[in-house]
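Before any comments, here is the structure.
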Amino acid sequence: MSRRSRDTLSFVALTALVAAALATAVAGCRPDETAEPAPAARTSGRANLLLVTVDTLRPDALGWIGGAGRTPRIDRLAAEGFRFPAAVAPVPLTLPSHTSLMTARVPSAHGVRDNGQVVGPGFPTLAEALAAAGYATAAFVSGFPLSAQFGLDRGFAAYDDRLTAGEGAWLERPAEETTRAALSWLADAAEPWALWVHYYDPHFPYEPPAGLAGPGPRGAYDGEVAAVDRALGRLLDAAERRGPLLTVFTADHGESLGEHGEGTHGFFVYDATVLVPLVVRLPGRVAPGESPAPARLVDVAPTVLELLGLPPLAAPAEVDGRSLAPLLAGETGAAPGPAYVETRQPWTSYGWAPLAGMRDARYKLISAPRPELYDLAGDPGESENLLAEGEALGGEAGRAARRLRAALREIESRPSAAAGAIDDPETVARLAALGYVGGGGRAADEPPPGLPDPKDRIALRETLTEADELLRQDRPAEALARFERVLAEEPANRFALSRSGVALRRLGRAEAAIERLRRAVAADPAQPETRAAFAETLLAAGRPAEAADAWAEVVRLQPRRASAWSNLGAALGRAGRPADAVAAMERALELEPGSPERLVRLAFAAHAAGRPAEAARHLERAAELAGEAFPHAGALGLILADLGRTAEARRWLAVSRPAEPDFPAARYRLARLAAAAGDEPAARRALAEALQADPRLRDAAGRDPELRRLLD
């Protein structure tokens with residue numbers, strides 16, 4: 001499989017920057033040994049809430065819809081609740097879709113149109129409403145696009161985004177581990193509680209646990225869904241024992257699996273990627289049933305709040321979603337209005353036309369350079385475009401087209417919100433203190449007219465995703481050849497410019513990489529991953545001042561990205577600005593306060609700034625957190641020795657390991673300290689190890705009165 005969605009494509013450059021910080025193992029026993037939480041004493045008569053979202057879940061992967069019978073626990077949940085087999089996600093991308101679910105707003109209203117953007121503070125979220133009502137709130141997410149740094153953690157007292165598998169853009173947490181972490185929290189949760197659990201497994205690449213892959217070309221994908229079903233079953237069993245429970249089960253988007261030429265999701269807005277299942281279960285309040293109505297993810301938050309008896313997020317005019325509670329109660333005429341769908345990935349990634357549309361129970365209109373209308377009743381695969389001939393439609397189809405077009409114009413006529421990154425006041429103030437005023441600007445909110453129709457670029461897009469897959473496999477020469485093929489046809493293609501720059505850097509062609517990435521930044525100033533790749537390349541080429549400027553722009557776009565602050569600090573340090581380097585590293589540590597890596601980098605920056613006591617303190621804390629895995633014992637020992645803390649220094653110098661870069665210097669200093677203390681055997685051993693690690697130290701030892709006599 002070589003195709004991949006923007007969920008992964010837009011984060012590839014993060015591999016070297018965030019993998020170490022996010023790969024913290026989740027402690028606990030094996031899944032079959034996990035003790036389920038015992039029922040706790042009830043402290044409230046209100047129902048608890050369990051919200052489950054499964055990433056990249058096609059409705060037909062579930063037994064109660066597709067009939068394959070590989071999801072028995074989800075099927076049982078559906079049988080006990082009210083089912084929508086064809087609910088509609090507003091955008092086939094993880095972060096924007098979840099933001100719509102949590103805010104009851106379409107993407108243009110909340111401003112998050114793509115993964116990697118930041119959720120702004122200008123509107124309330126479901127979690128904030130629940131917390132204000134006295135609920136204990138927690139979230140356990142399983143994929144990098146939902147990491148806390150992107151802002152969807154607002155309102156959650158606990159937000160667990162520890163990811164344990166893969167690296168960089170592919171960081172995720174398997175379903176069993178996510179369930180185990182959620183069960184641990186649930187065991188001690190005060191009531192009423194609200195728990196959101198997100199499973200990432202069905203996302204590409206599809207790698208199901210042994211024995212779960214199904215038959216046929218989509219067998220690995222179906223196996224990932226089966227793994228979620230197995231893990232979710234244990235969570236449901238435990239949650240149901242905690243008294244009255246509202247359970248909501250859904251997905252953020254689907255998966256194309258080759259339909260319409262799209263391998264995964266994000267590029268088109270056909271039903272394969274925007275239809276999702278939705279189940280609402282509340283025993284005694286919501287009777288089991290099913291509706292073919294296209295319920296919308298923006299309706300989830302209003303529905304949850306009404307069923308729990310809580311105030312709405314905002315006045316009806318301020319949100320796009322409506323409560324489904326009347327429909328769940330069987331009221332006629334309560335079906336939701338038409339669903340808005342969009343994707344800006346063709347624009348943000350490649351410079352092609354974005355897509356938007358409206359879908360009701362029968363028809364879908366897609367606004368594109370060549371518009372599309374489908375009668376879903378007779379054409380569920382969306383293969384016959386009723387507008388293909390460009391003639392005015394009459395009859396029912398014509399009336400549907402006009403109705404949906406008017407609804408789409410109404411949404412598009414509203415002011416569009418911006419993502420919450422650039423205007424973060426704290427970040428602006430911190431950057432100003434470092435000498436960065438203003439910014440590199442953002443791309444225009446609205447793309448210009450006359451852009452290519454994505455339908456005409458699907459072959460190029462597949463070439464680009466194949467090239468990026470080769471780059472992920474560390475085959476940069478092959479990847480570059482494909483990127484160049486696209487650039488020969490489209491010299492300004494954003495994705496090709498950016499990723500070919502990375503390929504050039506990996507091939508050792510630094511100057512060519514810098515110029516290629518400079519063009520990519522100019523084409524899309526608001527793309528943080530392009531700026532990060534540019535900054536990394538500049539630093540590797542020995543241009544730290546320029547690299548610091550580039551990292552400052554990444555920070556402006558993603559204010560809570562700890563790795564960006566840390567890399568800004570590294571660039572400032574190499575540019576001869578040690579005090580500013582410490583300030584940037586301190587911000588990185590504030591964002592990840594329990595990270596040994598952040599503490600180590602801050603320690604080294606403090607030492608370079610002439611603050612050895614601070615450096616020692618940070619390294620000691622890092623050693624405490626990392627335990628036996630601490631890789632800088634020698635550096636800590638050397639700093640302690642400089643501070644005159646000889647006994648502590650000897651202890652750390654003695655446990656330094658050959659893999660540490662400071663090992664030769666650590667053993668040499670240990671030999672000197674031992675000799676000064678009259679411990680000649682220890683001094684001889686340490687000196688021998690130092691000379692074996694770095695024979696060049698023999699000359700220095702020969703000039704040292706304490707060590708010269710120990711030389712053989």
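So you can find residues: chains in the structure tokens are A, B, ... in the order shown, residues in each start at 1, and ligands are numbered from 1 in order.
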Distance query A:Ser367 at most 10 Å, only C-alpha atoms, self and fewer than 5 positions along chain excluded, as an MDAnalysis selection string: chainID A and resid 342 353:358 372:373 405 408
Neighbour list for A:Arg344 as a PyMOL selection string, cut-off 10 Å, only C-alpha atoms, skip fewer than 3 positions in-chain: chain A and resi 91-93+113-114+266-268+347-356+447
For the selection just defined, write its residues with N, CA and C atoms to a file, as a short mmCIF file (atom, residue, chain, number, x, y, z; two decimals), in the first residue's frame.
data_model
loop_
_atom_site.label_atom_id
_atom_site.label_comp_id
_atom_site.auth_asym_id
_atom_site.auth_seq_id
_atom_site.Cartn_x
_atom_site.Cartn_y
_atom_site.Cartn_z
N VAL A 91 -15.64 16.76 7.61
CA VAL A 91 -14.36 16.82 6.88
C VAL A 91 -13.63 15.49 7.12
N PRO A 92 -13.04 14.90 6.10
CA PRO A 92 -12.39 13.59 6.28
C PRO A 92 -10.95 13.70 6.79
N LEU A 93 -10.76 14.45 7.89
CA LEU A 93 -9.46 14.62 8.52
C LEU A 93 -9.65 14.62 10.03
N ARG A 113 -9.07 23.71 9.77
CA ARG A 113 -9.40 23.15 8.46
C ARG A 113 -8.48 22.00 8.07
N ASP A 114 -7.43 21.78 8.88
CA ASP A 114 -6.44 20.76 8.52
C ASP A 114 -5.76 20.26 9.79
N GLY A 266 -9.20 12.18 2.85
CA GLY A 266 -8.75 13.55 2.93
C GLY A 266 -8.81 14.33 1.64
N PHE A 267 -8.80 13.64 0.50
CA PHE A 267 -8.69 14.32 -0.79
C PHE A 267 -10.04 14.62 -1.41
N PHE A 268 -10.98 13.69 -1.31
CA PHE A 268 -12.32 13.86 -1.85
C PHE A 268 -13.34 13.90 -0.71
N TRP A 347 -6.10 22.03 -1.57
CA TRP A 347 -5.53 23.38 -1.59
C TRP A 347 -4.31 23.48 -0.68
N THR A 348 -4.44 23.06 0.57
CA THR A 348 -3.36 23.27 1.52
C THR A 348 -2.13 22.44 1.20
N SER A 349 -2.33 21.26 0.63
CA SER A 349 -1.18 20.40 0.33
C SER A 349 -0.60 20.63 -1.06
N TYR A 350 -1.47 20.86 -2.02
CA TYR A 350 -1.00 20.81 -3.41
C TYR A 350 -1.24 22.08 -4.21
N GLY A 351 -2.10 22.99 -3.70
CA GLY A 351 -2.41 24.19 -4.46
C GLY A 351 -3.52 24.01 -5.46
N TRP A 352 -4.33 22.98 -5.28
CA TRP A 352 -5.48 22.73 -6.16
C TRP A 352 -6.75 23.23 -5.50
N ALA A 353 -7.86 23.13 -6.19
CA ALA A 353 -9.11 23.67 -5.67
C ALA A 353 -9.61 22.86 -4.47
N PRO A 354 -10.05 23.55 -3.42
CA PRO A 354 -10.69 22.83 -2.32
C PRO A 354 -12.08 22.36 -2.74
N LEU A 355 -12.66 21.50 -1.94
CA LEU A 355 -13.99 20.97 -2.22
C LEU A 355 -14.91 21.25 -1.05
N ALA A 356 -16.17 21.52 -1.35
CA ALA A 356 -17.18 21.68 -0.32
C ALA A 356 -18.49 21.13 -0.88
N PRO A 447 -8.77 30.43 -1.16
CA PRO A 447 -7.95 30.20 -2.36
C PRO A 447 -8.50 30.99 -3.55
#
Near-A:Gly542 list (12 Å; only C-alpha atoms; drop same-chain fewer than 6 positions) as a ChimeraX atom specification: /A:510-511,514,535-536,548,571,574-575
Picked from stretch 340-516 of chain A by DSSP as strand (DSSP E), as an MDAnalysis selection string: chainID A and resid 340:343 355:359 363:367 372:375
One-decimal distance in Å that lies between atom CA of A:Asp75 and atom CA of A:Pro96: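 Separation of atom CA of A:Pro96 and atom CA of A:Asp75: 27.2 Å.
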Name the residues of stretch 590-690 of chain A that come out as helix (DSSP H, G or I) in a backbone DSSP run; write them as a CSV table (one decimal) with C-alpha atoms, in the first residue's frame.
chain,number,residue,atom,x,y,z
A,590,GLU,CA,6.9,24.1,30.6
A,591,LEU,CA,5.0,22.4,27.8
A,596,PRO,CA,13.8,13.9,30.7
A,597,GLU,CA,14.8,14.9,27.2
A,598,ARG,CA,13.6,18.5,27.7
A,599,LEU,CA,15.4,18.7,31.0
A,600,VAL,CA,18.6,17.5,29.5
A,601,ARG,CA,18.5,20.0,26.6
A,602,LEU,CA,17.7,22.8,29.1
A,603,ALA,CA,20.6,21.7,31.2
A,604,PHE,CA,23.1,21.8,28.3
A,605,ALA,CA,21.8,25.2,27.3
A,606,ALA,CA,22.2,26.5,30.9
A,607,HIS,CA,25.7,25.1,31.0
A,608,ALA,CA,26.6,26.9,27.8
A,612,PRO,CA,26.5,25.3,35.8
A,613,ALA,CA,24.4,25.0,39.1
A,614,GLU,CA,21.2,25.2,37.1
A,615,ALA,CA,22.6,22.7,34.6
A,616,ALA,CA,23.3,20.3,37.4
A,617,ARG,CA,19.9,20.7,38.9
A,618,HIS,CA,18.1,20.0,35.6
A,619,LEU,CA,20.3,16.9,34.9
A,620,GLU,CA,19.7,15.5,38.4
A,621,ARG,CA,16.0,15.8,37.8
A,622,ALA,CA,16.3,14.2,34.4
A,623,ALA,CA,18.2,11.3,36.0
A,624,GLU,CA,15.5,10.9,38.6
A,625,LEU,CA,12.8,10.7,36.0
A,626,ALA,CA,14.7,8.5,33.5
A,627,GLY,CA,16.2,6.0,36.0
A,628,GLU,CA,18.6,3.5,34.6
A,629,ALA,CA,17.9,4.8,31.1
A,633,ALA,CA,25.7,10.3,33.8
A,634,GLY,CA,29.2,11.4,32.6
A,635,ALA,CA,28.0,14.9,31.8
A,636,LEU,CA,26.4,15.3,35.2
A,637,GLY,CA,29.5,14.0,36.9
A,638,LEU,CA,31.7,16.5,35.0
A,639,ILE,CA,29.5,19.4,35.9
A,640,LEU,CA,29.3,18.4,39.6
A,641,ALA,CA,33.1,18.1,39.6
A,642,ASP,CA,33.4,21.6,38.3
A,646,THR,CA,33.4,15.8,44.4
A,647,ALA,CA,31.8,12.8,46.2
A,648,GLU,CA,28.6,13.1,44.0
A,649,ALA,CA,30.7,13.7,40.9
A,650,ARG,CA,32.7,10.5,41.5
A,651,ARG,CA,29.5,8.5,41.8
A,652,TRP,CA,28.1,9.7,38.5
A,653,LEU,CA,31.4,9.5,36.7
A,654,ALA,CA,31.7,5.9,37.8
A,663,PHE,CA,32.5,8.8,28.5
A,664,PRO,CA,36.2,9.4,27.8
A,665,ALA,CA,36.2,12.7,29.5
A,666,ALA,CA,34.2,11.3,32.4
A,667,ARG,CA,36.6,8.4,33.0
A,668,TYR,CA,39.6,10.8,32.7
A,669,ARG,CA,38.1,13.2,35.3
A,670,LEU,CA,37.3,10.2,37.5
A,671,ALA,CA,40.9,9.1,37.3
A,672,ARG,CA,42.0,12.6,38.4
A,673,LEU,CA,39.6,12.7,41.3
A,674,ALA,CA,40.5,9.2,42.5
A,675,ALA,CA,44.2,10.0,42.3
A,676,ALA,CA,43.7,13.2,44.2
A,680,GLU,CA,45.3,4.6,43.2
A,681,PRO,CA,43.6,1.4,42.1
A,682,ALA,CA,40.4,3.3,41.1
A,683,ALA,CA,42.5,5.9,39.4
A,684,ARG,CA,44.4,3.3,37.4
A,685,ARG,CA,41.1,1.6,36.3
A,686,ALA,CA,39.5,4.8,35.3
A,687,LEU,CA,42.5,6.0,33.4
A,688,ALA,CA,42.9,2.8,31.5
A,689,GLU,CA,39.2,3.0,30.4
A,690,ALA,CA,39.7,6.6,29.4
Option closest in space to A:Glu592, from A:Leu307, A:Ala129, A:Ala148, A:Ala175 [counting only C-alpha atoms]: A:Ala148
All residues 12 Å or closer to A:Ala388, only C-alpha atoms, same chain fewer than 4 positions away omitted, as a list of chain:residue names: A:Ile366, A:Ala368, A:Pro369, A:Arg370, A:Pro371, A:Glu372, A:Leu373, A:Tyr374, A:Ser383, A:Glu384, A:Ala392, A:Leu393
Emit the selected residues as an mmCIF file, in the first residue's frame, including N, CA and C atoms.
data_model
loop_
_atom_site.group_PDB
_atom_site.id
_atom_site.type_symbol
_atom_site.label_atom_id
_atom_site.label_comp_id
_atom_site.auth_asym_id
_atom_site.auth_seq_id
_atom_site.Cartn_x
_atom_site.Cartn_y
_atom_site.Cartn_z
ATOM 1 N N ILE A 366 -21.615 18.651 -4.715
ATOM 2 C CA ILE A 366 -20.214 18.956 -4.446
ATOM 3 C C ILE A 366 -19.824 20.168 -5.277
ATOM 4 N N ALA A 368 -17.149 22.214 -6.921
ATOM 5 C CA ALA A 368 -15.814 21.999 -7.468
ATOM 6 C C ALA A 368 -15.737 22.772 -8.775
ATOM 7 N N PRO A 369 -14.534 22.950 -9.344
ATOM 8 C CA PRO A 369 -14.480 23.592 -10.659
ATOM 9 C C PRO A 369 -15.451 22.970 -11.656
ATOM 10 N N ARG A 370 -15.616 21.650 -11.599
ATOM 11 C CA ARG A 370 -16.695 20.972 -12.327
ATOM 12 C C ARG A 370 -17.641 20.399 -11.277
ATOM 13 N N PRO A 371 -18.752 21.083 -11.002
ATOM 14 C CA PRO A 371 -19.617 20.679 -9.891
ATOM 15 C C PRO A 371 -20.231 19.300 -10.120
ATOM 16 N N GLU A 372 -20.644 18.693 -9.005
ATOM 17 C CA GLU A 372 -21.175 17.338 -9.040
ATOM 18 C C GLU A 372 -22.477 17.260 -8.250
ATOM 19 N N LEU A 373 -23.421 16.446 -8.747
ATOM 20 C CA LEU A 373 -24.664 16.158 -8.038
ATOM 21 C C LEU A 373 -24.961 14.681 -8.201
ATOM 22 N N TYR A 374 -25.254 14.023 -7.076
ATOM 23 C CA TYR A 374 -25.521 12.587 -7.108
ATOM 24 C C TYR A 374 -26.856 12.301 -6.448
ATOM 25 N N SER A 383 -21.308 7.461 -8.877
ATOM 26 C CA SER A 383 -20.613 7.234 -10.148
ATOM 27 C C SER A 383 -21.206 8.030 -11.307
ATOM 28 N N GLU A 384 -22.438 8.524 -11.157
ATOM 29 C CA GLU A 384 -23.095 9.235 -12.258
ATOM 30 C C GLU A 384 -23.374 10.675 -11.837
ATOM 31 N N ALA A 392 -28.902 22.791 -17.201
ATOM 32 C CA ALA A 392 -29.767 23.031 -16.059
ATOM 33 C C ALA A 392 -30.665 21.821 -15.844
ATOM 34 N N LEU A 393 -30.757 21.383 -14.602
ATOM 35 C CA LEU A 393 -31.566 20.218 -14.275
ATOM 36 C C LEU A 393 -32.989 20.643 -13.957
#
Atomic distance atom CA of A:Leu470 - atom CA of A:Arg482, expressed in Å with one decimal: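 Atom CA of A:Arg482 lies at a distance of 9.5 Å from atom CA of A:Leu470.
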Spatial neighbours of A:Leu568, 12 Å, only C-alpha atoms, chain gap at least 6 places, as an NGL selection string: :A and (17 or 431 or 434 or 436 or 532 or 535-536 or 538-539 or 544-556 or 561-562 or 574-575 or 577-578 or 580-588 or 601-602 or 605)
Interatomic distance (Å, one decimal) between atom CA of A:Leu51 and atom CA of A:Arg362: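 Going from atom CA of A:Leu51 over to atom CA of A:Arg362, I get 28.5 Å.
If only C-alpha atoms are the atoms counted, then among A:Gly116, A:Pro107, A:Pro452, A:Gly644 the closest residue to A:Val341 is A:Pro107.
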